[in-house]
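Containing PDB, C-alpha atoms: protein34.pdb.
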```
ATOM      1  CA  MET Z   1    -166.487 162.225  29.556
ATOM      2  CA  ASP Z   2    -166.617 165.951  30.135
ATOM      3  CA  LEU Z   3    -163.078 167.277  29.585
ATOM      4  CA  ASN Z   4    -163.661 169.780  32.385
ATOM      5  CA  LEU Z   5    -163.873 166.847  34.816
ATOM      6  CA  LEU Z   6    -160.348 165.839  33.868
ATOM      7  CA  ARG Z   7    -159.097 169.399  34.312
ATOM      8  CA  VAL Z   8    -160.577 169.598  37.808
ATOM      9  CA  LEU Z   9    -159.218 166.149  38.654
ATOM     10  CA  ASP Z  10    -155.760 167.174  37.452
ATOM     11  CA  ALA Z  11    -155.834 170.331  39.575
ATOM     12  CA  LEU Z  12    -156.973 168.381  42.643
ATOM     13  CA  LEU Z  13    -154.288 165.722  42.210
ATOM     14  CA  GLN Z  14    -151.614 168.376  41.704
ATOM     15  CA  GLU Z  15    -152.660 170.485  44.688
ATOM     16  CA  ASN Z  16    -154.190 167.950  47.130
ATOM     17  CA  SER Z  17    -156.433 170.803  48.198
ATOM     18  CA  VAL Z  18    -159.901 171.900  47.123
ATOM     19  CA  THR Z  19    -159.107 175.543  47.882
ATOM     20  CA  ARG Z  20    -155.820 175.647  45.977
ATOM     21  CA  ALA Z  21    -157.342 173.688  43.085
ATOM     22  CA  ALA Z  22    -160.141 176.251  42.885
ATOM     23  CA  GLU Z  23    -157.594 179.087  42.778
ATOM     24  CA  ARG Z  24    -155.671 177.298  40.048
ATOM     25  CA  LEU Z  25    -158.822 176.828  38.002
ATOM     26  CA  GLY Z  26    -160.219 180.308  38.628
ATOM     27  CA  SER Z  27    -163.275 178.718  40.233
ATOM     28  CA  SER Z  28    -164.824 178.565  43.715
ATOM     29  CA  PRO Z  29    -164.133 175.933  46.392
ATOM     30  CA  ALA Z  30    -167.833 175.045  46.421
ATOM     31  CA  ALA Z  31    -167.860 174.345  42.664
ATOM     32  CA  VAL Z  32    -164.692 172.232  42.923
ATOM     33  CA  SER Z  33    -166.178 170.301  45.853
ATOM     34  CA  ARG Z  34    -169.272 169.489  43.786
ATOM     35  CA  THR Z  35    -167.090 168.334  40.884
ATOM     36  CA  LEU Z  36    -165.000 166.192  43.259
ATOM     37  CA  ALA Z  37    -168.177 164.484  44.423
ATOM     38  CA  ARG Z  38    -169.098 163.801  40.800
ATOM     39  CA  LEU Z  39    -165.612 162.465  40.083
ATOM     40  CA  ARG Z  40    -165.837 160.116  43.068
ATOM     41  CA  ARG Z  41    -169.092 158.674  41.716
ATOM     42  CA  THR Z  42    -167.676 158.358  38.204
ATOM     43  CA  VAL Z  43    -164.399 156.704  39.237
ATOM     44  CA  GLY Z  44    -165.866 154.687  42.108
ATOM     45  CA  ASP Z  45    -163.098 155.836  44.424
ATOM     46  CA  PRO Z  46    -162.844 158.622  47.029
ATOM     47  CA  LEU Z  47    -159.698 159.897  45.254
ATOM     48  CA  LEU Z  48    -158.785 162.388  48.003
ATOM     49  CA  VAL Z  49    -159.375 161.671  51.692
ATOM     50  CA  ARG Z  50    -158.857 163.862  54.703
ATOM     51  CA  ALA Z  51    -155.701 163.496  56.749
ATOM     52  CA  GLY Z  52    -155.567 166.026  59.573
ATOM     53  CA  GLN Z  53    -156.026 169.501  58.074
ATOM     54  CA  GLY Z  54    -155.308 168.398  54.479
ATOM     55  CA  LEU Z  55    -156.194 165.843  51.827
ATOM     56  CA  VAL Z  56    -154.131 162.903  50.621
ATOM     57  CA  PRO Z  57    -154.637 160.873  47.430
ATOM     58  CA  THR Z  58    -155.812 157.316  47.470
ATOM     59  CA  PRO Z  59    -153.747 154.651  45.659
ATOM     60  CA  ARG Z  60    -156.174 154.916  42.736
ATOM     61  CA  ALA Z  61    -155.674 158.681  42.590
ATOM     62  CA  ALA Z  62    -151.909 158.252  42.643
ATOM     63  CA  GLU Z  63    -152.214 155.910  39.641
ATOM     64  CA  LEU Z  64    -154.333 158.444  37.767
ATOM     65  CA  LYS Z  65    -152.171 161.510  38.418
ATOM     66  CA  GLU Z  66    -149.647 161.193  35.573
ATOM     67  CA  GLU Z  67    -152.151 159.578  33.205
ATOM     68  CA  VAL Z  68    -154.617 162.449  33.579
ATOM     69  CA  ALA Z  69    -151.858 165.053  33.133
ATOM     70  CA  ALA Z  70    -150.664 163.317  29.948
ATOM     71  CA  LEU Z  71    -154.217 163.141  28.564
ATOM     72  CA  LEU Z  72    -154.696 166.858  29.086
ATOM     73  CA  ARG Z  73    -151.365 167.687  27.454
ATOM     74  CA  GLY Z  74    -152.403 165.593  24.459
ATOM     75  CA  CYS Z  75    -155.771 167.363  24.210
ATOM     76  CA  ASP Z  76    -154.097 170.753  24.399
ATOM     77  CA  ASP Z  77    -151.636 169.770  21.661
ATOM     78  CA  VAL Z  78    -154.463 168.632  19.379
ATOM     79  CA  LEU Z  79    -156.381 171.877  19.779
ATOM     80  CA  ARG Z  80    -153.445 174.269  19.638
ATOM     81  CA  PRO Z  81    -152.979 175.937  16.187
ATOM     82  CA  GLY Z  82    -150.246 174.163  14.252
ATOM     83  CA  ALA Z  83    -149.866 171.631  17.019
ATOM     84  CA  GLY Z  84    -147.242 169.003  16.437
ATOM     85  CA  PHE Z  85    -146.181 170.392  13.047
ATOM     86  CA  ASP Z  86    -142.633 169.546  12.117
ATOM     87  CA  ALA Z  87    -141.669 170.162   8.508
ATOM     88  CA  VAL Z  88    -139.015 167.452   8.513
ATOM     89  CA  HIS Z  89    -141.748 164.802   8.807
ATOM     90  CA  LEU Z  90    -144.044 166.373   6.206
ATOM     91  CA  GLN Z  91    -144.874 164.085   3.259
ATOM     92  CA  ARG Z  92    -146.982 166.084   0.845
ATOM     93  CA  THR Z  93    -147.258 167.374  -2.709
ATOM     94  CA  PHE Z  94    -148.175 171.021  -3.265
ATOM     95  CA  THR Z  95    -149.564 172.254  -6.571
ATOM     96  CA  VAL Z  96    -148.792 175.781  -7.775
ATOM     97  CA  GLN Z  97    -150.338 177.507 -10.767
ATOM     98  CA  ALA Z  98    -147.966 180.064 -12.291
ATOM     99  CA  THR Z  99    -146.664 181.388 -15.593
ATOM    100  CA  ASP Z 100    -143.534 179.779 -16.954
ATOM    101  CA  LEU Z 101    -141.606 183.029 -16.393
ATOM    102  CA  LEU Z 102    -142.308 182.972 -12.655
ATOM    103  CA  LEU Z 103    -141.709 179.235 -12.537
ATOM    104  CA  VAL Z 104    -138.248 179.476 -14.095
ATOM    105  CA  GLY Z 105    -137.288 182.279 -11.733
ATOM    106  CA  LEU Z 106    -138.318 180.677  -8.469
ATOM    107  CA  ALA Z 107    -138.550 176.881  -8.824
ATOM    108  CA  GLY Z 108    -134.875 176.346  -8.037
ATOM    109  CA  SER Z 109    -134.730 178.506  -4.925
ATOM    110  CA  LEU Z 110    -138.107 177.194  -3.751
ATOM    111  CA  THR Z 111    -136.963 173.583  -4.087
ATOM    112  CA  GLU Z 112    -133.781 174.293  -2.156
ATOM    113  CA  ARG Z 113    -135.688 176.090   0.582
ATOM    114  CA  ILE Z 114    -138.308 173.415   1.164
ATOM    115  CA  HIS Z 115    -135.975 170.425   0.828
ATOM    116  CA  ALA Z 116    -133.641 171.922   3.427
ATOM    117  CA  GLU Z 117    -136.495 171.595   5.939
ATOM    118  CA  ALA Z 118    -138.804 168.981   4.410
ATOM    119  CA  PRO Z 119    -136.971 166.543   2.120
ATOM    120  CA  GLN Z 120    -140.148 164.551   1.400
ATOM    121  CA  VAL Z 121    -142.201 167.475   0.063
ATOM    122  CA  ASP Z 122    -142.765 167.652  -3.698
ATOM    123  CA  VAL Z 123    -144.040 170.538  -5.845
ATOM    124  CA  VAL Z 124    -146.090 170.311  -9.035
ATOM    125  CA  PHE Z 125    -146.316 173.441 -11.196
ATOM    126  CA  LEU Z 126    -149.348 173.840 -13.440
ATOM    127  CA  PRO Z 127    -149.745 176.309 -16.328
ATOM    128  CA  GLU Z 128    -152.413 178.987 -16.236
ATOM    129  CA  ALA Z 129    -154.807 176.726 -18.143
ATOM    130  CA  VAL Z 130    -157.180 176.677 -15.181
ATOM    131  CA  GLU Z 131    -156.874 180.401 -14.455
ATOM    132  CA  GLY Z 132    -160.221 181.900 -13.518
ATOM    133  CA  GLY Z 133    -161.682 178.428 -12.999
ATOM    134  CA  PRO Z 134    -162.525 176.397  -9.915
ATOM    135  CA  GLY Z 135    -159.000 175.061  -9.344
ATOM    136  CA  LEU Z 136    -158.558 176.553  -5.857
ATOM    137  CA  ARG Z 137    -162.121 175.821  -4.806
ATOM    138  CA  GLN Z 138    -162.011 172.227  -6.063
ATOM    139  CA  GLY Z 139    -158.567 171.557  -4.627
ATOM    140  CA  TRP Z 140    -156.758 170.982  -7.939
ATOM    141  CA  VAL Z 141    -154.494 173.921  -7.095
ATOM    142  CA  ASP Z 142    -152.993 174.739  -3.695
ATOM    143  CA  VAL Z 143    -151.677 178.194  -4.565
ATOM    144  CA  GLU Z 144    -152.187 180.474  -7.541
ATOM    145  CA  LEU Z 145    -149.223 182.765  -8.114
ATOM    146  CA  GLY Z 146    -149.044 185.782 -10.391
ATOM    147  CA  VAL Z 147    -151.358 188.614 -11.412
ATOM    148  CA  LEU Z 148    -154.561 187.645  -9.621
ATOM    149  CA  GLY Z 149    -157.976 188.046 -11.180
ATOM    150  CA  HIS Z 150    -161.309 186.286 -11.662
ATOM    151  CA  LEU Z 151    -161.123 184.697  -8.213
ATOM    152  CA  ASP Z 152    -164.043 183.171  -6.342
ATOM    153  CA  PRO Z 153    -165.278 185.544  -3.616
ATOM    154  CA  GLU Z 154    -164.118 183.390  -0.704
ATOM    155  CA  ILE Z 155    -160.532 183.049  -1.940
ATOM    156  CA  ARG Z 156    -157.793 184.427   0.327
ATOM    157  CA  THR Z 157    -154.987 186.479  -1.194
ATOM    158  CA  ARG Z 158    -151.623 187.910  -0.197
ATOM    159  CA  PRO Z 159    -149.963 190.688  -2.226
ATOM    160  CA  LEU Z 160    -146.268 190.044  -2.780
ATOM    161  CA  THR Z 161    -144.596 192.648  -4.963
ATOM    162  CA  ARG Z 162    -144.987 195.066  -7.878
ATOM    163  CA  MET Z 163    -142.849 194.481 -10.956
ATOM    164  CA  PRO Z 164    -142.517 196.858 -13.921
ATOM    165  CA  LEU Z 165    -142.546 195.459 -17.434
ATOM    166  CA  VAL Z 166    -139.383 195.826 -19.489
ATOM    167  CA  GLY Z 167    -138.626 195.222 -23.139
ATOM    168  CA  ILE Z 168    -136.245 192.465 -24.107
ATOM    169  CA  ALA Z 169    -134.280 191.947 -27.327
ATOM    170  CA  ARG Z 170    -131.057 190.375 -28.530
ATOM    171  CA  SER Z 171    -127.943 192.327 -27.543
ATOM    172  CA  GLY Z 172    -127.162 193.316 -31.139
ATOM    173  CA  HIS Z 173    -130.670 194.580 -31.920
ATOM    174  CA  PRO Z 174    -130.754 197.902 -33.839
ATOM    175  CA  LEU Z 175    -132.950 199.373 -31.084
ATOM    176  CA  PHE Z 176    -129.888 199.646 -28.877
ATOM    177  CA  ASP Z 177    -128.129 201.889 -31.391
ATOM    178  CA  GLY Z 178    -129.950 204.932 -30.018
ATOM    179  CA  ARG Z 179    -132.365 206.179 -27.416
ATOM    180  CA  ILE Z 180    -135.439 203.957 -27.268
ATOM    181  CA  ASP Z 181    -138.478 206.220 -27.341
ATOM    182  CA  ALA Z 182    -142.119 205.311 -27.928
ATOM    183  CA  ARG Z 183    -141.891 205.795 -31.691
ATOM    184  CA  ARG Z 184    -138.839 203.547 -32.142
ATOM    185  CA  PHE Z 185    -140.367 200.999 -29.750
ATOM    186  CA  ALA Z 186    -143.605 200.916 -31.768
ATOM    187  CA  ALA Z 187    -141.726 200.605 -35.028
ATOM    188  CA  ALA Z 188    -140.074 197.338 -33.997
ATOM    189  CA  ASP Z 189    -141.782 194.016 -34.706
ATOM    190  CA  HIS Z 190    -143.083 192.485 -31.503
ATOM    191  CA  ILE Z 191    -143.739 189.101 -29.953
ATOM    192  CA  GLY Z 192    -147.097 188.770 -28.261
ATOM    193  CA  ILE Z 193    -147.383 186.419 -25.288
ATOM    194  CA  SER Z 194    -150.833 184.935 -24.765
ATOM    195  CA  ARG Z 195    -151.988 181.401 -24.059
ATOM    196  CA  LEU Z 196    -155.305 182.410 -25.714
ATOM    197  CA  GLY Z 197    -153.716 183.914 -28.809
ATOM    198  CA  LYS Z 198    -154.615 187.541 -27.993
ATOM    199  CA  ARG Z 199    -152.732 190.141 -30.016
ATOM    200  CA  LEU Z 200    -153.758 193.330 -28.191
ATOM    201  CA  GLY Z 201    -153.124 194.392 -24.622
ATOM    202  CA  PRO Z 202    -152.108 197.296 -22.342
ATOM    203  CA  ILE Z 203    -149.068 198.068 -24.542
ATOM    204  CA  ASP Z 204    -151.325 198.659 -27.539
ATOM    205  CA  SER Z 205    -153.687 200.861 -25.510
ATOM    206  CA  ALA Z 206    -150.780 203.008 -24.271
ATOM    207  CA  LEU Z 207    -149.404 203.339 -27.793
ATOM    208  CA  ALA Z 208    -152.853 204.267 -29.156
ATOM    209  CA  GLU Z 209    -153.008 207.187 -26.697
ATOM    210  CA  LEU Z 210    -149.866 208.503 -28.405
ATOM    211  CA  GLY Z 211    -151.276 207.889 -31.873
ATOM    212  CA  LEU Z 212    -148.953 204.942 -32.426
ATOM    213  CA  ARG Z 213    -149.422 201.301 -33.332
ATOM    214  CA  ARG Z 214    -147.103 198.328 -33.188
ATOM    215  CA  ARG Z 215    -147.034 195.200 -35.274
ATOM    216  CA  THR Z 216    -147.336 191.978 -33.297
ATOM    217  CA  ALA Z 217    -145.677 189.710 -35.809
ATOM    218  CA  VAL Z 218    -145.807 186.531 -33.702
ATOM    219  CA  VAL Z 219    -147.950 185.377 -30.778
ATOM    220  CA  VAL Z 220    -146.583 182.591 -28.558
ATOM    221  CA  PRO Z 221    -148.143 180.969 -25.481
ATOM    222  CA  SER Z 222    -145.201 181.328 -23.079
ATOM    223  CA  HIS Z 223    -142.508 183.731 -21.943
ATOM    224  CA  THR Z 224    -139.830 181.085 -22.423
ATOM    225  CA  SER Z 225    -140.606 180.663 -26.116
ATOM    226  CA  ALA Z 226    -140.756 184.461 -26.490
ATOM    227  CA  MET Z 227    -137.249 184.832 -25.020
ATOM    228  CA  MET Z 228    -135.847 182.132 -27.289
ATOM    229  CA  LEU Z 229    -137.495 183.720 -30.318
ATOM    230  CA  ALA Z 230    -136.164 187.161 -29.376
ATOM    231  CA  ARG Z 231    -132.688 185.656 -29.033
ATOM    232  CA  ASP Z 232    -132.720 184.402 -32.634
ATOM    233  CA  THR Z 233    -134.544 187.259 -34.393
ATOM    234  CA  ASP Z 234    -134.999 191.035 -34.389
ATOM    235  CA  LEU Z 235    -138.362 190.661 -32.657
ATOM    236  CA  VAL Z 236    -138.963 192.420 -29.337
ATOM    237  CA  ALA Z 237    -140.643 190.776 -26.335
ATOM    238  CA  LEU Z 238    -141.620 191.783 -22.818
ATOM    239  CA  SER Z 239    -140.402 190.531 -19.457
ATOM    240  CA  LEU Z 240    -140.337 191.490 -15.783
ATOM    241  CA  ALA Z 241    -137.770 193.950 -14.489
ATOM    242  CA  ASP Z 242    -134.899 192.393 -12.506
ATOM    243  CA  TRP Z 243    -136.209 188.878 -13.098
ATOM    244  CA  LEU Z 244    -133.744 186.217 -14.336
ATOM    245  CA  PRO Z 245    -130.868 188.639 -15.039
ATOM    246  CA  GLY Z 246    -128.320 185.817 -15.285
ATOM    247  CA  THR Z 247    -130.436 183.852 -17.739
ATOM    248  CA  ILE Z 248    -131.059 186.919 -19.895
ATOM    249  CA  GLU Z 249    -127.351 187.709 -20.055
ATOM    250  CA  ALA Z 250    -126.441 184.082 -20.805
ATOM    251  CA  MET Z 251    -128.930 184.017 -23.693
ATOM    252  CA  GLY Z 252    -127.384 187.092 -25.272
ATOM    253  CA  LEU Z 253    -130.411 189.268 -24.502
ATOM    254  CA  ARG Z 254    -130.741 192.757 -23.048
ATOM    255  CA  THR Z 255    -133.610 194.489 -21.330
ATOM    256  CA  PHE Z 256    -134.683 198.114 -21.673
ATOM    257  CA  PRO Z 257    -137.351 200.299 -20.038
ATOM    258  CA  VAL Z 258    -140.627 200.358 -21.946
ATOM    259  CA  PRO Z 259    -141.005 204.016 -23.006
ATOM    260  CA  LEU Z 260    -144.679 204.157 -22.059
ATOM    261  CA  ASP Z 261    -146.679 205.116 -18.990
ATOM    262  CA  LEU Z 262    -147.540 201.626 -17.748
ATOM    263  CA  GLU Z 263    -148.593 200.478 -14.292
ATOM    264  CA  PRO Z 264    -146.328 197.808 -12.755
ATOM    265  CA  LEU Z 265    -147.781 194.322 -12.456
ATOM    266  CA  ASP Z 266    -149.101 193.430  -9.009
ATOM    267  CA  LEU Z 267    -147.975 189.915  -8.159
ATOM    268  CA  GLY Z 268    -149.638 187.969  -5.389
ATOM    269  CA  MET Z 269    -150.672 184.541  -4.237
ATOM    270  CA  ALA Z 270    -154.142 183.089  -3.689
ATOM    271  CA  TRP Z 271    -155.428 180.024  -1.861
ATOM    272  CA  HIS Z 272    -158.694 178.580  -0.620
ATOM    273  CA  PRO Z 273    -159.642 179.432   2.982
ATOM    274  CA  ARG Z 274    -159.880 175.748   3.939
ATOM    275  CA  ASN Z 275    -156.067 175.771   3.831
ATOM    276  CA  SER Z 276    -155.514 179.038   5.695
ATOM    277  CA  ALA Z 277    -154.898 177.531   9.126
ATOM    278  CA  ASP Z 278    -153.262 174.314   7.914
ATOM    279  CA  PRO Z 279    -149.684 174.497   9.269
ATOM    280  CA  GLY Z 280    -148.138 172.617   6.339
ATOM    281  CA  HIS Z 281    -149.884 174.792   3.776
ATOM    282  CA  ARG Z 282    -148.973 177.949   5.674
ATOM    283  CA  TRP Z 283    -145.339 176.789   5.852
ATOM    284  CA  PHE Z 284    -145.306 176.194   2.087
ATOM    285  CA  ARG Z 285    -146.922 179.581   1.336
ATOM    286  CA  ASP Z 286    -144.264 181.333   3.398
ATOM    287  CA  HIS Z 287    -141.456 179.650   1.469
ATOM    288  CA  LEU Z 288    -143.151 180.361  -1.861
ATOM    289  CA  ALA Z 289    -143.470 184.044  -0.971
ATOM    290  CA  ALA Z 290    -139.840 184.194   0.159
ATOM    291  CA  SER Z 291    -138.710 182.706  -3.157
ATOM    292  CA  VAL Z 292    -140.506 185.500  -5.019
ATOM    293  CA  LEU Z 293    -139.286 188.259  -2.713
ATOM    294  CA  THR Z 294    -135.615 187.267  -2.401
ATOM    295  CA  PRO Z 295    -133.907 188.128  -5.702
ATOM    296  CA  GLN Z 296    -130.420 187.218  -4.450
ATOM    297  CA  ASP Z 297    -131.436 183.562  -4.491
ATOM    298  CA  ARG Z 298    -132.199 183.752  -8.195
ATOM    299  CA  THR Z 299    -129.102 185.729  -9.154
ATOM    300  CA  ALA Z 300    -126.823 183.504  -7.085
ATOM    301  CA  ARG Z 301    -128.178 180.395  -8.783
ATOM    302  CA  ALA Z 302    -127.683 182.001 -12.172
ATOM    303  CA  GLY Z 303    -124.059 182.870 -11.379
ATOM    304  CA  TYR Z 304    -124.791 186.561 -11.845
ATOM    305  CA  ASP Z 305    -123.673 189.220  -9.365
ATOM    306  CA  ARG Z 306    -125.605 192.434  -9.634
ATOM    307  CA  PRO Z 307    -123.593 195.622  -9.056
TER
END
```
Represent the structure contained in this file as structure tokens.
Amino acid sequence: MDLNLLRVLDALLQENSVTRAAERLGSSPAAVSRTLARLRRTVGDPLLVRAGQGLVPTPRAAELKEEVAALLRGCDDVLRPGAGFDAVHLQRTFTVQATDLLLVGLAGSLTERIHAEAPQVDVVFLPEAVEGGPGLRQGWVDVELGVLGHLDPEIRTRPLTRMPLVGIARSGHPLFDGRIDARRFAAADHIGISRLGKRLGPIDSALAELGLRRRTAVVVPSHTSAMMLARDTDLVALSLADWLPGTIEAMGLRTFPVPLDLEPLDLGMAWHPRNSADPGHRWFRDHLAASVLTPQDRTARAGYDRP
């Protein structure tokens, strides 16, 4: 059945007048009269009959009044963006691709946020092993989080924040005995972080412009292993500014500004457009972004109060 027939029928049954129904619908009385004639043939009932100067519903019309109104409300709910979404009833698993450094910093606050509203939602974090691949397009990954690159052209993105790189070393490292300039920074033995085993990066390019080189004594695949290695040795690693301050302090580490002209890292999230309008996915993306952008959640969980 043409949904417009139900809308006209609803207006007629609410108004008991062709003229008022036409005004309600933004139509003409003649058009509503033609539709009423069609409705009468379809239903097999006159629906509205004349009584003096007005119209009154037949018993069949009276039966249909609430049923038609409920049907239209249901149709409107189905078609309205995000209709009927209530996070408390959401049962779903979201998959996020992120580095271990971002994961450690936000997984706790993210879990608390989503479980406060949706206790049956689970999150699976994947390493960057599928970075630059078809994970978003194929649906293996719901959201990619981090420094975005090598994305398919249709992928949607949202920039989140810019974070400078900082150096990190054990608290008693000789570097902290004086001012850390580019020469002293380059002279230290470094930890490279690369899941592909790369030894050179933007740090090396910036040092080369100053005529300096560093020794990358060890390459590890994750930031977590780099922090643990820096804790136990005189090797220097890199981290994100103001990220995990409580954890860094608890591990006996200190951060310091990298004495080079480096661009901050642009962190963002990416997802496939098929999920853009999905209310559950949009709800999850909002909480994921808030977990990245709200540092007090991370410091509070770490028991660390920043001055």
Self-check item: Distance in Å - atom CA of Val88 of chain Z versus atom CA of Gln120 of chain Z
Solution: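 About the pair atom CA of Val88 of chain Z and atom CA of Gln120 of chain Z: they are 7.8 Å apart.
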Quiz item: Hey, what's within 12 Å of Gln53 of chain Z if we count only C-alpha atoms and toss same-chain stuff fewer than 6 positions away? As a PyMOL selection string, please?
Solution: chain Z and resi 16-18
Quiz prompt | Picked residues, the PyMOL selection byres ((chain Z and resi 92-104) around 9), as a ChimeraX atom specification | solution = /Z:90-91,105-108,120-131,140-146,222-224,239-240,243-244,280-281,284,292
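Residues matching the PyMOL selection byres ((chain Z and resi 34-39) around 10) in this structure come to Asn4, Leu5, Leu6, Val8, Leu9, Leu12, Val18, Pro29, Ala30, Ala31, Val32, Ser33, Arg40, Arg41, Thr42, Val43, Gly44, Asp45, Pro46, Leu47 and Leu48 of chain Z.
Of the residues under consideration (Z:Arg137, Z:Ala226, Z:Leu235, Z:Leu13), Z:Arg137 shows the shortest atom-to-atom contact distance to Trp271 of chain Z when counting all atoms listed in the file.
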